[in-house]
Amino acid sequence: MIRAVMIAAAATISTAGQSAAETLPGALAQAYRVNPELNSQRAIVRQTDEGVPQALSDYRPRVNVIAGVGNQFTSQETAVGPALTQKDLWWTSPRSIGISAQQ
């Protein structure tokens, strides 16, 4: 009887020592190597994760900036009297800028 208890205790201690020697990352690596179903499920998760940035892109703010620069020539003739006209000429350089943002 004592001999059977000693054999059982030795077997329990030897198996506990073997299972404690394997680390969690090592066990996961082994599972990934030998389990094809686990690998296929991981591939499905990776495929879903690739769509997340595209789905979130609609929630990012959009900013538009518009700028314009140009030259403008204006000629104006004004009647000053019955036979006299006054001619005015202007050169201008209009500039514009616009910014819009939307969420």
# chains A, B, ... in the order shown; residues from 1 in each chain; ligands from 1

$ select_by_dssp --residues "chain A" --states "helix (DSSP H, G or I)" --output "number ranges by chain"
A: 2-21, 24-34, 36-50, 52-59

$ closest_residue --among "A:Arg3, A:Ala101, A:Ala79, A:Ala8" --to "A:Val63" --atoms "only C-alpha atoms"
A:Ala101

$ residues_around --residues "A:Leu89" --least-positions-apart "3" --cutoff "7 Å" --atoms "only C-alpha atoms" --output "JSON, numbers by chain"
{"A": [74, 75, 76]}
